[in-house]
file entry-v8.tsv (TSV, C-alpha atoms and all ligand atoms)
chain	number	residue	atom	x	y	z
A	1	MET	CA	-61.08	78.47	-84.06
A	2	SER	CA	-60.46	75.52	-81.72
A	3	ALA	CA	-60.57	76.38	-78.02
A	4	LEU	CA	-57.33	75.98	-76.06
A	5	PRO	CA	-57.55	73.48	-73.18
A	6	PRO	CA	-58.17	75.22	-69.84
A	7	PRO	CA	-54.88	76.07	-68.11
A	8	ARG	CA	-54.02	74.10	-64.97
A	9	ARG	CA	-51.39	74.28	-62.23
A	10	SER	CA	-49.23	71.16	-62.36
A	11	GLU	CA	-49.50	70.69	-58.56
A	12	TRP	CA	-53.22	70.03	-59.05
A	13	ASN	CA	-52.81	67.05	-61.35
A	14	GLY	CA	-54.26	63.95	-59.72
A	15	LEU	CA	-56.20	65.86	-57.03
A	16	GLN	CA	-59.79	64.81	-56.43
A	17	LEU	CA	-62.56	66.70	-54.65
A	18	TYR	CA	-62.88	65.87	-50.94
A	19	GLN	CA	-65.09	62.80	-50.60
A	20	THR	CA	-68.49	63.84	-49.19
A	21	PRO	CA	-71.48	61.45	-49.04
A	22	GLU	CA	-73.30	61.22	-52.39
A	23	SER	CA	-76.80	61.05	-50.93
A	24	PRO	CA	-78.34	61.51	-47.49
A	25	VAL	CA	-78.88	58.37	-45.40
A	26	ALA	CA	-81.36	57.76	-42.58
A	27	ILE	CA	-78.58	57.50	-39.99
A	28	ASP	CA	-75.32	59.27	-40.78
A	29	LEU	CA	-72.46	58.51	-38.39
A	30	SER	CA	-69.75	59.35	-40.90
A	31	ASP	CA	-68.62	62.91	-40.22
A	32	ASN	CA	-67.95	63.27	-36.46
A	33	THR	CA	-70.55	66.03	-36.06
A	34	SER	CA	-72.82	66.21	-33.00
A	35	ARG	CA	-76.17	64.37	-32.96
A	36	PHE	CA	-77.03	65.89	-29.58
A	37	GLY	CA	-78.87	69.04	-30.61
A	38	VAL	CA	-78.15	72.66	-31.45
A	39	PRO	CA	-77.19	75.37	-28.90
A	40	PRO	CA	-80.47	77.10	-27.95
A	41	ALA	CA	-79.06	80.64	-27.87
A	42	ALA	CA	-77.57	80.17	-31.36
A	43	LEU	CA	-80.89	78.90	-32.68
A	44	ALA	CA	-82.76	81.86	-31.16
A	45	VAL	CA	-80.39	84.29	-32.90
A	46	LEU	CA	-80.86	82.56	-36.26
A	47	ARG	CA	-84.65	82.55	-35.89
A	48	GLY	CA	-84.62	86.28	-35.13
A	49	ALA	CA	-82.35	87.21	-38.06
A	50	GLU	CA	-82.74	90.81	-39.24
A	51	ASP	CA	-82.77	91.98	-42.86
A	52	GLU	CA	-79.72	94.20	-42.29
A	53	TRP	CA	-77.58	91.23	-41.23
A	54	ILE	CA	-78.23	89.68	-44.60
A	55	ALA	CA	-78.03	92.78	-46.80
A	56	ARG	CA	-74.75	94.00	-45.23
A	57	TYR	CA	-71.30	92.46	-44.98
A	58	PRO	CA	-70.35	90.86	-41.66
A	59	SER	CA	-67.45	92.23	-39.61
A	60	GLY	CA	-64.16	92.18	-41.54
A	61	TYR	CA	-62.23	89.60	-39.51
A	62	GLY	CA	-64.89	88.49	-37.01
A	63	GLU	CA	-64.00	91.03	-34.30
A	64	PRO	CA	-67.13	90.54	-32.06
A	65	LEU	CA	-66.75	86.77	-32.35
A	66	LYS	CA	-63.08	87.05	-31.40
A	67	HIS	CA	-64.11	88.58	-28.07
A	68	ALA	CA	-66.50	85.70	-27.35
A	69	LEU	CA	-63.89	83.10	-28.37
A	70	ALA	CA	-61.15	84.80	-26.32
A	71	ALA	CA	-63.34	84.65	-23.19
A	72	TYR	CA	-64.07	80.96	-23.88
A	73	ALA	CA	-60.42	80.11	-24.55
A	74	GLY	CA	-58.72	82.23	-21.87
A	75	VAL	CA	-56.65	84.29	-24.34
A	76	ARG	CA	-56.84	87.86	-25.67
A	77	PRO	CA	-59.06	88.75	-28.70
A	78	GLU	CA	-56.02	89.77	-30.76
A	79	GLN	CA	-54.68	86.23	-30.27
A	80	ILE	CA	-57.69	84.72	-32.11
A	81	VAL	CA	-58.30	84.19	-35.82
A	82	THR	CA	-61.67	82.99	-37.13
A	83	GLY	CA	-62.61	81.31	-40.41
A	84	CYS	CA	-65.25	79.54	-42.47
A	85	GLY	CA	-64.81	76.28	-40.58
A	86	SER	CA	-61.43	75.24	-39.24
A	87	ASP	CA	-60.69	73.92	-42.74
A	88	ASP	CA	-60.47	77.56	-43.81
A	89	VAL	CA	-58.15	78.41	-40.91
A	90	LEU	CA	-55.94	75.43	-41.79
A	91	ASP	CA	-55.91	76.42	-45.47
A	92	SER	CA	-54.94	80.01	-44.67
A	93	ALA	CA	-52.30	78.89	-42.17
A	94	VAL	CA	-50.63	76.48	-44.61
A	95	ARG	CA	-50.48	79.31	-47.18
A	96	ALA	CA	-49.14	81.75	-44.59
A	97	PHE	CA	-46.29	79.71	-43.16
A	98	ALA	CA	-44.59	77.83	-46.02
A	99	ARG	CA	-43.29	78.64	-49.49
A	100	PRO	CA	-43.64	76.24	-52.45
A	101	GLY	CA	-40.95	73.55	-52.19
A	102	GLU	CA	-40.83	73.67	-48.37
A	103	THR	CA	-42.11	70.80	-46.23
A	104	LEU	CA	-45.20	70.12	-44.13
A	105	ALA	CA	-44.52	67.23	-41.72
A	106	CYS	CA	-47.43	65.35	-40.18
A	107	LEU	CA	-48.41	62.04	-38.65
A	108	ALA	CA	-50.07	59.19	-40.54
A	109	PRO	CA	-52.86	58.46	-40.49
A	110	THR	CA	-54.33	61.86	-39.71
A	111	PHE	CA	-56.92	64.39	-40.92
A	112	PRO	CA	-56.21	64.69	-44.66
A	113	MET	CA	-57.14	68.32	-45.40
A	114	PRO	CA	-53.82	69.91	-44.33
A	115	VAL	CA	-51.99	67.48	-46.65
A	116	ARG	CA	-54.27	68.56	-49.47
A	117	PHE	CA	-53.71	72.25	-48.68
A	118	ALA	CA	-49.95	71.57	-48.69
A	119	GLN	CA	-50.20	69.93	-52.14
A	120	LEU	CA	-52.23	72.86	-53.48
A	121	ASN	CA	-49.45	75.19	-52.39
A	122	GLY	CA	-46.64	73.12	-53.93
A	123	LEU	CA	-45.27	71.94	-50.56
A	124	ARG	CA	-43.63	68.58	-49.94
A	125	VAL	CA	-45.36	66.37	-47.39
A	126	ARG	CA	-43.46	64.09	-45.02
A	127	GLU	CA	-45.31	61.61	-42.83
A	128	THR	CA	-44.35	59.79	-39.62
A	129	ARG	CA	-46.40	56.91	-38.23
A	130	VAL	CA	-48.66	57.45	-35.18
A	131	GLY	CA	-49.65	54.49	-32.98
A	132	PRO	CA	-53.17	53.71	-31.74
A	133	ASP	CA	-52.13	55.06	-28.31
A	134	GLY	CA	-51.04	58.41	-29.81
A	135	SER	CA	-47.32	57.60	-29.58
A	136	PHE	CA	-44.92	58.90	-32.25
A	137	ASP	CA	-41.26	59.72	-32.74
A	138	PRO	CA	-40.81	63.52	-32.49
A	139	SER	CA	-37.27	63.45	-33.93
A	140	ALA	CA	-38.49	61.63	-37.05
A	141	LEU	CA	-41.19	64.28	-37.47
A	142	LEU	CA	-38.68	67.12	-37.19
A	143	VAL	CA	-36.08	65.73	-39.62
A	144	GLY	CA	-35.03	68.49	-42.07
A	145	ASP	CA	-36.66	71.29	-40.01
A	146	PRO	CA	-40.06	71.37	-41.75
A	147	ALA	CA	-41.61	74.81	-42.31
A	148	ILE	CA	-44.88	73.46	-40.85
A	149	VAL	CA	-45.59	70.58	-38.48
A	150	TYR	CA	-49.25	69.56	-38.41
A	151	LEU	CA	-50.43	67.60	-35.37
A	152	CYS	CA	-54.01	66.58	-34.59
A	153	SER	CA	-54.99	65.71	-31.00
A	154	PRO	CA	-57.26	63.87	-30.44
A	155	ASN	CA	-56.20	62.50	-33.78
A	156	ASN	CA	-58.74	61.96	-36.57
A	157	PRO	CA	-59.30	59.15	-37.57
A	158	THR	CA	-57.59	57.13	-34.81
A	159	GLY	CA	-59.26	58.94	-31.86
A	160	ALA	CA	-56.38	58.96	-29.36
A	161	CYS	CA	-54.79	62.05	-27.86
A	162	LEU	CA	-51.19	62.38	-29.00
A	163	ASP	CA	-48.52	61.47	-26.47
A	164	GLY	CA	-48.00	64.63	-24.38
A	165	ASP	CA	-44.23	64.27	-23.96
A	166	ALA	CA	-43.76	63.77	-27.70
A	167	VAL	CA	-45.89	66.89	-28.41
A	168	ASP	CA	-43.81	68.83	-25.85
A	169	ARG	CA	-40.64	67.81	-27.65
A	170	VAL	CA	-42.06	68.98	-30.98
A	171	LEU	CA	-43.07	72.31	-29.46
A	172	ALA	CA	-39.64	72.73	-27.89
A	173	HIS	CA	-37.58	71.86	-30.98
A	174	ALA	CA	-39.61	72.86	-34.07
A	175	THR	CA	-38.05	75.74	-35.97
A	176	GLY	CA	-41.14	76.25	-38.15
A	177	VAL	CA	-44.79	76.75	-37.20
A	178	VAL	CA	-46.61	73.97	-35.34
A	179	ILE	CA	-50.28	73.73	-36.27
A	180	LEU	CA	-51.99	71.83	-33.46
A	181	ASP	CA	-55.46	70.80	-34.60
A	182	GLU	CA	-57.62	70.38	-31.49
A	183	ALA	CA	-61.01	70.09	-33.21
A	184	TYR	CA	-62.12	67.45	-30.66
A	185	ALA	CA	-60.61	69.10	-27.55
A	186	GLU	CA	-63.93	69.48	-25.73
A	187	PHE	CA	-64.40	65.69	-25.79
A	188	ALA	CA	-60.87	65.05	-24.55
A	189	GLY	CA	-61.36	67.63	-21.77
A	190	THR	CA	-57.91	69.07	-22.39
A	191	SER	CA	-56.27	71.44	-24.86
A	192	ARG	CA	-53.20	73.59	-25.36
A	193	THR	CA	-55.24	76.51	-26.71
A	194	ALA	CA	-54.73	78.84	-23.70
A	195	ALA	CA	-50.99	78.12	-23.71
A	196	ALA	CA	-50.49	78.60	-27.46
A	197	PRO	CA	-49.98	82.41	-27.65
A	198	ALA	CA	-47.03	82.35	-25.22
A	199	LEU	CA	-45.34	79.59	-27.26
A	200	GLY	CA	-44.84	81.98	-30.19
A	201	ARG	CA	-44.87	79.54	-33.08
A	202	VAL	CA	-47.88	77.37	-32.15
A	203	LEU	CA	-51.35	77.76	-33.63
A	204	SER	CA	-54.08	75.83	-31.76
A	205	VAL	CA	-56.89	75.27	-34.27
A	206	ARG	CA	-60.44	74.72	-32.99
A	207	THR	CA	-63.97	74.51	-34.35
A	208	LEU	CA	-67.61	74.95	-33.38
A	209	SER	CA	-68.52	72.07	-35.75
A	210	LYS	CA	-68.06	69.25	-33.25
A	211	ALA	CA	-68.90	69.68	-29.54
A	212	PHE	CA	-71.01	72.82	-30.15
A	213	GLY	CA	-73.10	71.11	-32.84
A	214	LEU	CA	-72.78	73.98	-35.34
A	215	ALA	CA	-71.13	72.28	-38.35
A	216	GLY	CA	-73.64	73.74	-40.81
A	217	LEU	CA	-72.72	77.30	-39.78
A	218	ARG	CA	-69.03	76.76	-40.67
A	219	VAL	CA	-67.23	78.53	-37.83
A	220	GLY	CA	-63.62	77.64	-37.09
A	221	TRP	CA	-60.98	79.50	-35.13
A	222	ALA	CA	-57.46	79.36	-33.81
A	223	ALA	CA	-55.42	80.87	-31.00
A	224	GLY	CA	-51.77	81.83	-31.16
A	225	HIS	CA	-49.31	84.67	-30.77
A	226	GLU	CA	-50.79	87.90	-32.19
A	227	ALA	CA	-48.15	88.09	-34.94
A	228	LEU	CA	-48.89	84.50	-35.97
A	229	VAL	CA	-52.67	84.95	-36.18
A	230	ARG	CA	-52.20	88.23	-38.06
A	231	ASP	CA	-50.25	86.34	-40.74
A	232	VAL	CA	-53.07	83.82	-41.09
A	233	GLU	CA	-55.46	86.76	-41.68
A	234	LEU	CA	-53.04	88.33	-44.18
A	235	SER	CA	-53.07	85.15	-46.25
A	236	ARG	CA	-56.71	85.54	-47.30
A	237	GLY	CA	-59.55	88.01	-47.76
A	238	PRO	CA	-61.97	89.46	-45.16
A	239	TYR	CA	-65.58	88.38	-44.34
A	240	THR	CA	-64.91	84.64	-44.13
A	241	VAL	CA	-67.44	84.10	-41.31
A	242	ASN	CA	-70.91	85.07	-42.52
A	243	ALA	CA	-73.11	87.49	-40.59
A	244	LEU	CA	-75.61	84.89	-39.33
A	245	ALA	CA	-72.91	82.46	-38.27
A	246	GLU	CA	-70.87	85.05	-36.39
A	247	ARG	CA	-73.88	86.22	-34.37
A	248	ALA	CA	-75.15	82.71	-33.64
A	249	ALA	CA	-71.67	81.50	-32.67
A	250	ALA	CA	-71.09	84.46	-30.34
A	251	ALA	CA	-74.46	83.78	-28.66
A	252	ALA	CA	-73.60	80.09	-28.17
A	253	LEU	CA	-70.24	81.01	-26.63
A	254	ALA	CA	-71.85	83.57	-24.34
A	255	ARG	CA	-74.81	81.51	-23.15
A	256	ASP	CA	-74.53	77.85	-24.15
A	257	VAL	CA	-71.17	76.63	-22.80
A	258	ASP	CA	-72.84	74.70	-19.94
A	259	TRP	CA	-75.33	73.31	-22.45
A	260	MET	CA	-72.43	72.20	-24.66
A	261	ARG	CA	-70.65	70.52	-21.70
A	262	ALA	CA	-73.82	68.54	-20.92
A	263	ARG	CA	-74.01	67.40	-24.57
A	264	VAL	CA	-70.33	66.38	-24.47
A	265	ALA	CA	-71.07	64.23	-21.39
A	266	GLU	CA	-73.94	62.56	-23.30
A	267	SER	CA	-71.72	62.03	-26.28
A	268	LEU	CA	-68.98	60.40	-24.18
A	269	ALA	CA	-71.54	58.07	-22.54
A	270	ALA	CA	-72.83	57.19	-26.02
A	271	ARG	CA	-69.29	56.53	-27.23
A	272	ALA	CA	-68.76	54.08	-24.34
A	273	ALA	CA	-71.99	52.31	-25.36
A	274	LEU	CA	-70.86	52.29	-28.99
A	275	GLU	CA	-67.52	50.74	-28.01
A	276	ALA	CA	-69.31	48.07	-25.96
A	277	GLY	CA	-71.72	47.38	-28.84
A	278	LEU	CA	-68.86	47.01	-31.31
A	279	ARG	CA	-67.00	44.64	-28.97
A	280	ALA	CA	-70.17	42.56	-28.66
A	281	LEU	CA	-70.00	42.16	-32.46
A	282	GLY	CA	-66.45	40.82	-32.16
A	283	LEU	CA	-64.78	44.06	-33.29
A	284	GLU	CA	-62.02	45.93	-31.46
A	285	PRO	CA	-62.47	49.69	-31.52
A	286	LEU	CA	-59.30	51.67	-30.81
A	287	PRO	CA	-59.15	53.75	-27.61
A	288	SER	CA	-60.70	57.17	-28.28
A	289	HIS	CA	-60.72	60.57	-26.60
A	290	ALA	CA	-63.08	62.07	-29.18
A	291	ASN	CA	-66.75	61.62	-30.16
A	292	PHE	CA	-65.92	58.83	-32.63
A	293	VAL	CA	-64.16	55.49	-32.77
A	294	LEU	CA	-62.02	53.78	-35.38
A	295	VAL	CA	-62.61	50.05	-35.77
A	296	PRO	CA	-60.14	47.98	-37.77
A	297	CYS	CA	-62.23	45.71	-39.96
A	298	ALA	CA	-61.15	43.75	-43.07
A	299	GLY	CA	-63.15	44.73	-46.17
A	300	ALA	CA	-64.35	48.01	-44.57
A	301	PRO	CA	-65.16	49.81	-47.88
A	302	ALA	CA	-67.44	46.98	-49.10
A	303	LEU	CA	-69.04	46.75	-45.66
A	304	ALA	CA	-69.67	50.52	-45.64
A	305	ALA	CA	-71.33	50.24	-49.07
A	306	ARG	CA	-73.63	47.48	-47.73
A	307	LEU	CA	-74.46	49.63	-44.70
A	308	ARG	CA	-75.25	52.62	-46.90
A	309	GLU	CA	-77.79	50.50	-48.82
A	310	ARG	CA	-79.42	49.77	-45.45
A	311	GLY	CA	-79.54	53.49	-44.57
A	312	LEU	CA	-76.45	53.78	-42.35
A	313	GLY	CA	-73.57	56.07	-43.27
A	314	VAL	CA	-70.13	55.31	-41.78
A	315	ARG	CA	-66.67	56.38	-42.92
A	316	ALA	CA	-64.60	53.60	-44.48
A	317	PHE	CA	-60.82	53.59	-44.87
A	318	ALA	CA	-58.96	51.18	-47.13
A	319	ASN	CA	-55.55	50.06	-45.98
A	320	LEU	CA	-54.71	52.83	-43.52
A	321	PRO	CA	-50.94	52.67	-42.95
A	322	GLY	CA	-50.32	50.57	-39.82
A	323	TYR	CA	-54.03	49.89	-39.28
A	324	GLY	CA	-55.38	48.21	-42.43
A	325	ASP	CA	-59.03	48.57	-43.44
A	326	ALA	CA	-61.16	50.36	-40.85
A	327	LEU	CA	-64.54	51.94	-40.19
A	328	ARG	CA	-65.01	55.21	-38.32
A	329	LEU	CA	-68.34	55.95	-36.62
A	330	HIS	CA	-69.31	58.81	-34.37
A	331	ALA	CA	-71.39	58.58	-31.21
A	332	SER	CA	-75.08	59.38	-31.35
A	333	PRO	CA	-78.13	59.19	-29.04
A	334	PRO	CA	-79.17	55.69	-27.87
A	335	ALA	CA	-82.13	55.05	-30.22
A	336	GLU	CA	-80.16	55.98	-33.33
A	337	GLN	CA	-77.00	54.24	-32.18
A	338	ASP	CA	-78.78	50.99	-31.23
A	339	ARG	CA	-80.33	50.92	-34.69
A	340	ALA	CA	-76.91	51.54	-36.24
A	341	LEU	CA	-75.38	48.64	-34.28
A	342	ALA	CA	-78.26	46.37	-35.35
A	343	LEU	CA	-77.66	47.31	-39.02
A	344	LEU	CA	-73.95	46.66	-38.60
A	345	LYS	CA	-74.66	43.24	-37.07
A	346	GLU	CA	-76.88	42.38	-40.06
A	347	ALA	CA	-74.30	43.58	-42.60
A	348	LEU	CA	-71.50	41.63	-40.89
A	349	ALA	CA	-73.53	38.40	-40.88
B	401	LIG	N1	-59.83	69.20	-38.09
B	401	LIG	C1	-60.22	67.94	-37.85
B	401	LIG	C2	-59.30	67.06	-37.08
B	401	LIG	C3	-61.44	67.47	-38.29
B	401	LIG	O1	-61.79	66.20	-38.06
B	401	LIG	C4	-62.29	68.33	-39.03
B	401	LIG	C5	-63.64	67.89	-39.55
B	401	LIG	N2	-63.77	66.63	-39.95
B	401	LIG	C6	-61.84	69.63	-39.25
B	401	LIG	C7	-60.62	70.03	-38.76
B	401	LIG	C8	-62.64	70.60	-40.06
B	401	LIG	O2	-63.79	70.96	-39.40
B	401	LIG	P1	-64.58	72.30	-39.74
B	401	LIG	O3	-64.06	72.84	-41.04
B	401	LIG	O4	-66.00	71.90	-39.79
B	401	LIG	O5	-64.27	73.24	-38.59
call {"tool": "encode", "arguments": {"input": "entry-v8.tsv", "output": "structure tokens"}}
result
Amino acid sequence: MSALPPPRRSEWNGLQLYQTPESPVAIDLSDNTSRFGVPPAALAVLRGAEDEWIARYPSGYGEPLKHALAAYAGVRPEQIVTGCGSDDVLDSAVRAFARPGETLACLAPTFPMPVRFAQLNGLRVRETRVGPDGSFDPSALLVGDPAIVYLCSPNNPTGACLDGDAVDRVLAHATGVVILDEAYAEFAGTSRTAAAPALGRVLSVRTLSKAFGLAGLRVGWAAGHEALVRDVELSRGPYTVNALAERAAAAALARDVDWMRARVAESLAARAALEAGLRALGLEPLPSHANFVLVPCAGAPALAARLRERGLGVRAFANLPGYGDALRLHASPPAEQDRALALLKEALA
């Protein structure tokens, strides 16, 4: 008997796995994580892990962590949803708020995962250009009343905060759900998270992977109206934040917020040095409000491959709409960053 070919959803044709680095490199500035240490209270919790935390399930929907996040964000615990990284929150939200055939509207270029989640769910995707200063046309974004508008501020990979007036117009006129991805809010020093619940249809999505330096634990979260966050929870199963991560994250939020703010200040100083170093090499990094910069640079993919051979990982983009080829690098402590700039100088020569 010959085996039938495995069945496959037609929406999945042509999809590739998310591109993650094939092998570790000595200096990895490719993923916008923090190189400035790990919150001490979180580390202490992990080192003191108890057998029961591992043998038992964690809390169903991260209830203790919701309390810690609510205190951090200035909202109520029932206005918080947690997830296995903010990718998981975005995935669940896209599933919750649009039916197959409906539209997700977003800016281009932006963080690609929501577009992928939209494709997986059979949604149409409509893109509107965003400028290097975060400017965009809100009416173009809202054409056809999309079921979901995805906005990212500061925007990955360009780095700029989105124009505030344009975001206000989207929030005022969208008839669907607005997912506002604020993964880099701590670096920008501003967010709409506390305001989101009162806006009804706005989900402010955040993460502990960036400023808090906890990417390996995979803890993401969002704030919004209680009915909205409940629908995100309904769209998936329980236990998405593991028992070690939820305890470590809650400890960091309770005791390490000042520590995190000090690391953000270091990261911003390092980003200024990175920008100066790139300019000294004749490059023009775009203005950034995050812990990374985007540098337009012809032949970026080949350059990134040469850098990888020398032990430096950076993110390369080929032909980004409106920007061309570009490299994205995140800030890191002086010794590592100086070495990275020296390797870049060599590879450019
Ligand atoms: N949103 C944005 C804008 C990001 O850049 C990233 C990570 N690259 C994420 C969400 C996902 O982060 P995580 O799943 O680690 O929370």
call {"tool": "closest_atom_pairs", "arguments": {"input": "entry-v8.tsv", "of": "chain A", "to": "ligand LIG 401 (chain B)", "cutoff": "9 Å", "atoms": "all atoms listed in the file", "output": "tab-separated table"}}
result
residue	atom	partner	partner_atom	distance
A:Asp31	CA	B:LIG401	N2	6.1
A:Asn32	CA	B:LIG401	N2	6.4
A:Thr33	CA	B:LIG401	N2	7.8
A:Gly83	CA	B:LIG401	O5	8.4
A:Cys84	CA	B:LIG401	O3	7.0
A:Gly85	CA	B:LIG401	O3	3.6
A:Ser86	CA	B:LIG401	O5	3.5
A:Asp87	CA	B:LIG401	O3	3.9
A:Asp88	CA	B:LIG401	O3	6.5
A:Val89	CA	B:LIG401	O3	8.1
A:Leu90	CA	B:LIG401	C7	7.8
A:Thr110	CA	B:LIG401	C2	7.7
A:Phe111	CA	B:LIG401	C2	5.2
A:Pro112	CA	B:LIG401	C2	8.5
A:Met113	CA	B:LIG401	C7	7.7
A:Pro114	CA	B:LIG401	N1	8.7
A:Cys152	CA	B:LIG401	C2	5.9
A:Ser153	CA	B:LIG401	C2	7.6
A:Pro154	CA	B:LIG401	C2	7.6
A:Asn155	CA	B:LIG401	C2	6.4
A:Asn156	CA	B:LIG401	C2	5.2
A:Pro157	CA	B:LIG401	O1	7.5
A:Asp181	CA	B:LIG401	N1	5.8
A:Glu182	CA	B:LIG401	C2	6.7
A:Ala183	CA	B:LIG401	N1	5.1
A:Tyr184	CA	B:LIG401	C2	7.0
A:Val205	CA	B:LIG401	N1	7.8
A:Arg206	CA	B:LIG401	O5	6.9
A:Thr207	CA	B:LIG401	O5	4.4
A:Leu208	CA	B:LIG401	O5	6.4
A:Ser209	CA	B:LIG401	O4	4.8
A:Lys210	CA	B:LIG401	O4	7.4
A:Leu214	CA	B:LIG401	O4	8.4
A:Ala215	CA	B:LIG401	O4	5.3
A:Gly216	CA	B:LIG401	O4	7.9
A:Leu217	CA	B:LIG401	O4	8.6
A:Arg218	CA	B:LIG401	O4	5.8
A:Val219	CA	B:LIG401	O5	6.1
A:Gly220	CA	B:LIG401	O5	4.7
A:Trp221	CA	B:LIG401	O5	7.9
call {"tool": "closest_residue", "arguments": {"input": "entry-v8.tsv", "among": "A:Tyr150, A:Phe187, A:Tyr18, A:Tyr72", "to": "Phe292 in chain A", "atoms": "all atoms listed in the file"}}
result
A:Phe187
call {"tool": "closest_residue", "arguments": {"input": "entry-v8.tsv", "among": "A:Tyr61, A:Ala194, A:Lys345, A:Phe317", "to": "Leu283 in chain A", "atoms": "only C-alpha atoms"}}
result
A:Lys345
call {"tool": "atom_distance", "arguments": {"input": "entry-v8.tsv", "atom1": "CA of Thr82 in chain A", "atom2": "CA of Leu234 in chain A"}}
result
12.4 Å
call {"tool": "atom_distance", "arguments": {"input": "entry-v8.tsv", "atom1": "CA of Arg230 in chain A", "atom2": "CA of Arg95 in chain A"}}
result
12.9 Å
call {"tool": "closest_residue", "arguments": {"input": "entry-v8.tsv", "among": "A:Leu69, A:Ile54, A:Leu312, A:Leu15", "to": "Ala251 in chain A", "atoms": "only C-alpha atoms"}}
result
A:Leu69
call {"tool": "residues_around", "arguments": {"input": "entry-v8.tsv", "residues": "Phe97 in chain A", "least_positions_apart": "2", "cutoff": "10 Å", "atoms": "only C-alpha atoms", "output": "VMD selection string"}}
result
chain A and resid 92 to 95 99 102 104 147 to 148 176 to 179 228 231 to 232 235
call {"tool": "atom_distance", "arguments": {"input": "entry-v8.tsv", "atom1": "CA of Arg279 in chain A", "atom2": "CA of Pro21 in chain A"}}
result
26.6 Å
call {"tool": "residues_around", "arguments": {"input": "entry-v8.tsv", "residues": "Leu268 in chain A", "least_positions_apart": "2", "cutoff": "8 Å", "atoms": "only C-alpha atoms", "output": "PDB file with C-alpha atoms, keeping the file's coordinate frame"}}
result
ATOM      1  CA  PHE A 187     -64.400  65.690 -25.790  1.00  0.00           C
ATOM      2  CA  VAL A 264     -70.330  66.380 -24.470  1.00  0.00           C
ATOM      3  CA  ALA A 265     -71.070  64.230 -21.390  1.00  0.00           C
ATOM      4  CA  GLU A 266     -73.940  62.560 -23.300  1.00  0.00           C
ATOM      5  CA  ALA A 270     -72.830  57.190 -26.020  1.00  0.00           C
ATOM      6  CA  ARG A 271     -69.290  56.530 -27.230  1.00  0.00           C
ATOM      7  CA  ALA A 272     -68.760  54.080 -24.340  1.00  0.00           C
ATOM      8  CA  ALA A 290     -63.080  62.070 -29.180  1.00  0.00           C
ATOM      9  CA  ASN A 291     -66.750  61.620 -30.160  1.00  0.00           C
ATOM     10  CA  ALA A 331     -71.390  58.580 -31.210  1.00  0.00           C
TER      11      ALA A 331
END
call {"tool": "closest_residue", "arguments": {"input": "entry-v8.tsv", "among": "A:Leu286, A:Ala172, A:Gly313, A:Leu244", "to": "Gly48 in chain A", "atoms": "all atoms listed in the file"}}
result
A:Leu244
call {"tool": "closest_residue", "arguments": {"input": "entry-v8.tsv", "among": "A:Gln79, A:Gly122, A:Ala273, A:His173", "to": "His67 in chain A", "atoms": "only C-alpha atoms"}}
result
A:Gln79
call {"tool": "closest_residue", "arguments": {"input": "entry-v8.tsv", "among": "A:Arg247, A:Arg76, A:Arg315, A:Arg310", "to": "Leu329 in chain A", "atoms": "all atoms listed in the file"}}
result
A:Arg315
